[in-house]
Amino acid sequence: MDISGSNVLLTGATGGIGSALVGRLTAEGARLTVTGRREEALKAAADAWGARTVVADLAVRSDVVRLSESCSDADVLVANAALPASGDLLDYTEEQLDRALDVNLRAPMQLSRLLAAPMVARGRGHIVLVGSISGKAATKSTSLYNATKFGLRGFALALRQELRGTGVGVSLVQPGFVRDAGMFAATGADTPNGIRTVTPGQVADGVVRAVRGDRCEVNVAPLELRLLSAIAGQFPGFAERVQARADVDGSVRQIVDAQRSQR
Ligand SMILES: NC(=O)c1ccc[n+]([C@@H]2O[C@H](COP(=O)([O-])OP(=O)(O)OC[C@H]3O[C@@H](n4cnc5c(N)ncnc54)[C@H](OP(=O)(O)O)[C@@H]3O)[C@@H](O)[C@H]2O)c1
């Protein structure tokens with residue numbers, strides 16, 4: 001569908017990929033509502049790009065409902081916000097586990113449910129769920145993140161079928177490691193095994209392509225990562241044995257340590 005002139009709700013607008021999305025969606029002619037927890041950062045985006053802001057914590061259920069009510073005229077939802085949710089499950093408290101599930105999985109599902117209803121009534125709309133290549137391939141010390149992104153993938157692909165014929169499309173955009181800005185770049189770590197990275201701008205392009213072309217799944221990652229994740233998705237036991245032999249513990253530890261404060 002056409003983004004120009006559409007009302008677009010973007011979650012995670014204050015983050016690395018979110019910032020690129022704000023610029024790209026505005027350039028496409030979207031009437032943007034941006035949301036996140038940090039009011040000052042949101043205000044900066046609003047001032048720079050003329051977006052409307054709604055402060056909301058996606059781990060708070062009443063905030064998610066309030067956000068959807070304030071954007072009931074949204075033609076496009078880009079559910080981009082997430083927590084890194086890295087580290088071993090045994091290092092997580094119950095509260096941290098709930099927050100990861102709420103922000104990464106429950107909030108996008110609930111926003112989709114609440115905003116798809118008016119979209120269906122209008123016979124027009126699009127939902128973009130920003131997942132990750134971690135929704136296709138499991139890796140060490142990412143059990144929670146993998147769980148939310150695998151879950152989001154199943155949700156997106158099934159919801160797309162449920163809404164077929166209503167005029168409302170659903171797309172899943174799955175980035176690989178993103179450089180320059182965002183939750184991975186902020187760790188300062190190298191990618192495991194030197195896997196190549198993509199830019200926030202490429203992810204934003206993927207989102208625009210998904211909406212315009214009603215694409216089912218857009219993987220924004222270099223060829224080697226798309227191939228490895230496809231193999232790992234089909235043959236998880238094989239992928240586990242390959243990963244066990246690879247020397248990735250150093251970079252994994254650096255990523256987990258850097259993201260620990262965001263649980
Ligand atoms: N960066 C990567 O390498 C990479 C790779 C694959 C997939 N992804 C996916 O891309 C998306 C964006 O990631 P990013 O790298 O841009 O992350 P980021 O820079 O860490 O930004 C995360 C965003 O989520 C928002 N957020 C976090 N907790 C929230 C909460 N409780 N309530 C409301 N908003 C919340 C943050 O806003 P506030 O802090 O203002 O609340 C921020 O805008 C995520 O879905 C991520 O899983 C990223």
# chains A, B, ... in the order shown; residues from 1 in each chain; ligands from 1
>>> select_by_dssp(residues="range 215-261 of chain A", states="strand (DSSP E or B)", output="PyMOL selection string")
chain A and resi 217-220
>>> residues_near_ligand(ligand="ligand 1", cutoff="6 Å", atoms="only C-alpha atoms and all ligand atoms", output="PyMOL selection string")
chain A and resi 12-18+36-38+56-59+80-83+103+130-132+175-178+182-184
>>> residues_around(residues="range 108-116 of chain A", least_positions_apart="2", cutoff="8 Å", atoms="only C-alpha atoms", output="PyMOL selection string")
chain A and resi 64-65+68+71-72+74+77+79+103-106+118-120+125+127+129+155+168
>>> closest_atom_pairs(of="range 96-198 of chain A", to="range 236-240 of chain A", cutoff="12 Å", atoms="only C-alpha atoms", output="JSON lines")
{"residue": "A:Lys136", "atom": "CA", "partner": "A:Pro236", "partner_atom": "CA", "distance": 9.9}
{"residue": "A:Ala137", "atom": "CA", "partner": "A:Pro236", "partner_atom": "CA", "distance": 7.6}
{"residue": "A:Ala138", "atom": "CA", "partner": "A:Pro236", "partner_atom": "CA", "distance": 7.7}
{"residue": "A:Thr139", "atom": "CA", "partner": "A:Glu240", "partner_atom": "CA", "distance": 7.8}
{"residue": "A:Lys140", "atom": "CA", "partner": "A:Glu240", "partner_atom": "CA", "distance": 8.7}
>>> select_by_dssp(residues="range 18-252 of chain A", states="alpha helix (DSSP H)", output="PyMOL selection string")
chain A and resi 18-27+39-49+61-70+94-101+107-122+143-162+200-213+223-234+236-245+249-252
>>> atom_distance(atom1="CA of Pro192 in chain A", atom2="CA of Thr93 in chain A")
26.9 Å
>>> residues_around(residues="range 39-52 of chain A", least_positions_apart="5", cutoff="8 Å", atoms="only C-alpha atoms", output="count of residues only")
10
>>> decode(residues="range 198-209 of chain A", atoms="all heavy atoms", output="short mmCIF file (atom, residue, chain, number, x, y, z; two decimals), in the first residue's frame")
data_model
loop_
_atom_site.label_atom_id
_atom_site.label_comp_id
_atom_site.auth_asym_id
_atom_site.auth_seq_id
_atom_site.Cartn_x
_atom_site.Cartn_y
_atom_site.Cartn_z
N VAL A 198 24.52 -4.93 8.37
CA VAL A 198 23.71 -4.05 7.52
C VAL A 198 23.55 -2.71 8.25
O VAL A 198 23.88 -2.60 9.43
CB VAL A 198 22.33 -4.67 7.21
CG1 VAL A 198 22.46 -5.91 6.35
CG2 VAL A 198 21.57 -4.97 8.50
N THR A 199 23.04 -1.71 7.56
CA THR A 199 22.86 -0.39 8.18
C THR A 199 21.41 -0.21 8.62
O THR A 199 20.50 -0.85 8.07
CB THR A 199 23.21 0.73 7.18
OG1 THR A 199 22.27 0.66 6.09
CG2 THR A 199 24.63 0.61 6.66
N PRO A 200 21.17 0.73 9.55
CA PRO A 200 19.77 1.04 9.90
C PRO A 200 18.97 1.50 8.68
O PRO A 200 17.79 1.18 8.55
CB PRO A 200 19.93 2.19 10.92
CG PRO A 200 21.28 2.00 11.51
CD PRO A 200 22.13 1.45 10.40
N GLY A 201 19.63 2.20 7.77
CA GLY A 201 18.95 2.65 6.54
C GLY A 201 18.47 1.49 5.69
O GLY A 201 17.38 1.54 5.10
N GLN A 202 19.27 0.41 5.65
CA GLN A 202 18.84 -0.77 4.88
C GLN A 202 17.61 -1.42 5.52
O GLN A 202 16.72 -1.91 4.82
CB GLN A 202 19.97 -1.80 4.78
CG GLN A 202 21.06 -1.41 3.79
CD GLN A 202 22.22 -2.40 3.83
OE1 GLN A 202 23.04 -2.38 4.75
NE2 GLN A 202 22.29 -3.27 2.85
N VAL A 203 17.58 -1.40 6.86
CA VAL A 203 16.40 -1.96 7.54
C VAL A 203 15.17 -1.09 7.24
O VAL A 203 14.08 -1.61 6.95
CB VAL A 203 16.62 -2.07 9.07
CG1 VAL A 203 15.40 -2.69 9.74
CG2 VAL A 203 17.87 -2.88 9.38
N ALA A 204 15.37 0.23 7.28
CA ALA A 204 14.26 1.14 6.96
C ALA A 204 13.77 0.91 5.53
O ALA A 204 12.56 0.89 5.27
CB ALA A 204 14.69 2.59 7.17
N ASP A 205 14.71 0.71 4.61
CA ASP A 205 14.33 0.40 3.22
C ASP A 205 13.50 -0.89 3.18
O ASP A 205 12.53 -1.00 2.43
CB ASP A 205 15.57 0.20 2.34
CG ASP A 205 16.27 1.51 2.04
OD1 ASP A 205 15.68 2.58 2.29
OD2 ASP A 205 17.43 1.47 1.57
N GLY A 206 13.92 -1.87 3.98
CA GLY A 206 13.19 -3.15 4.02
C GLY A 206 11.76 -2.97 4.51
O GLY A 206 10.83 -3.60 3.98
N VAL A 207 11.58 -2.09 5.48
CA VAL A 207 10.23 -1.83 6.00
C VAL A 207 9.37 -1.17 4.91
O VAL A 207 8.21 -1.56 4.68
CB VAL A 207 10.30 -0.93 7.26
CG1 VAL A 207 8.91 -0.41 7.65
CG2 VAL A 207 10.91 -1.72 8.43
N VAL A 208 9.94 -0.20 4.22
CA VAL A 208 9.19 0.49 3.16
C VAL A 208 8.83 -0.50 2.05
O VAL A 208 7.69 -0.54 1.56
CB VAL A 208 10.01 1.68 2.61
CG1 VAL A 208 9.41 2.24 1.33
CG2 VAL A 208 10.11 2.78 3.67
N ARG A 209 9.80 -1.36 1.67
CA ARG A 209 9.54 -2.38 0.65
C ARG A 209 8.41 -3.32 1.09
O ARG A 209 7.54 -3.70 0.29
CB ARG A 209 10.81 -3.22 0.46
CG ARG A 209 11.41 -3.07 -0.89
CD ARG A 209 12.59 -3.92 -1.24
NE ARG A 209 13.16 -4.86 -0.35
CZ ARG A 209 14.26 -4.66 0.38
NH1 ARG A 209 14.86 -3.49 0.36
NH2 ARG A 209 14.75 -5.61 1.15
#
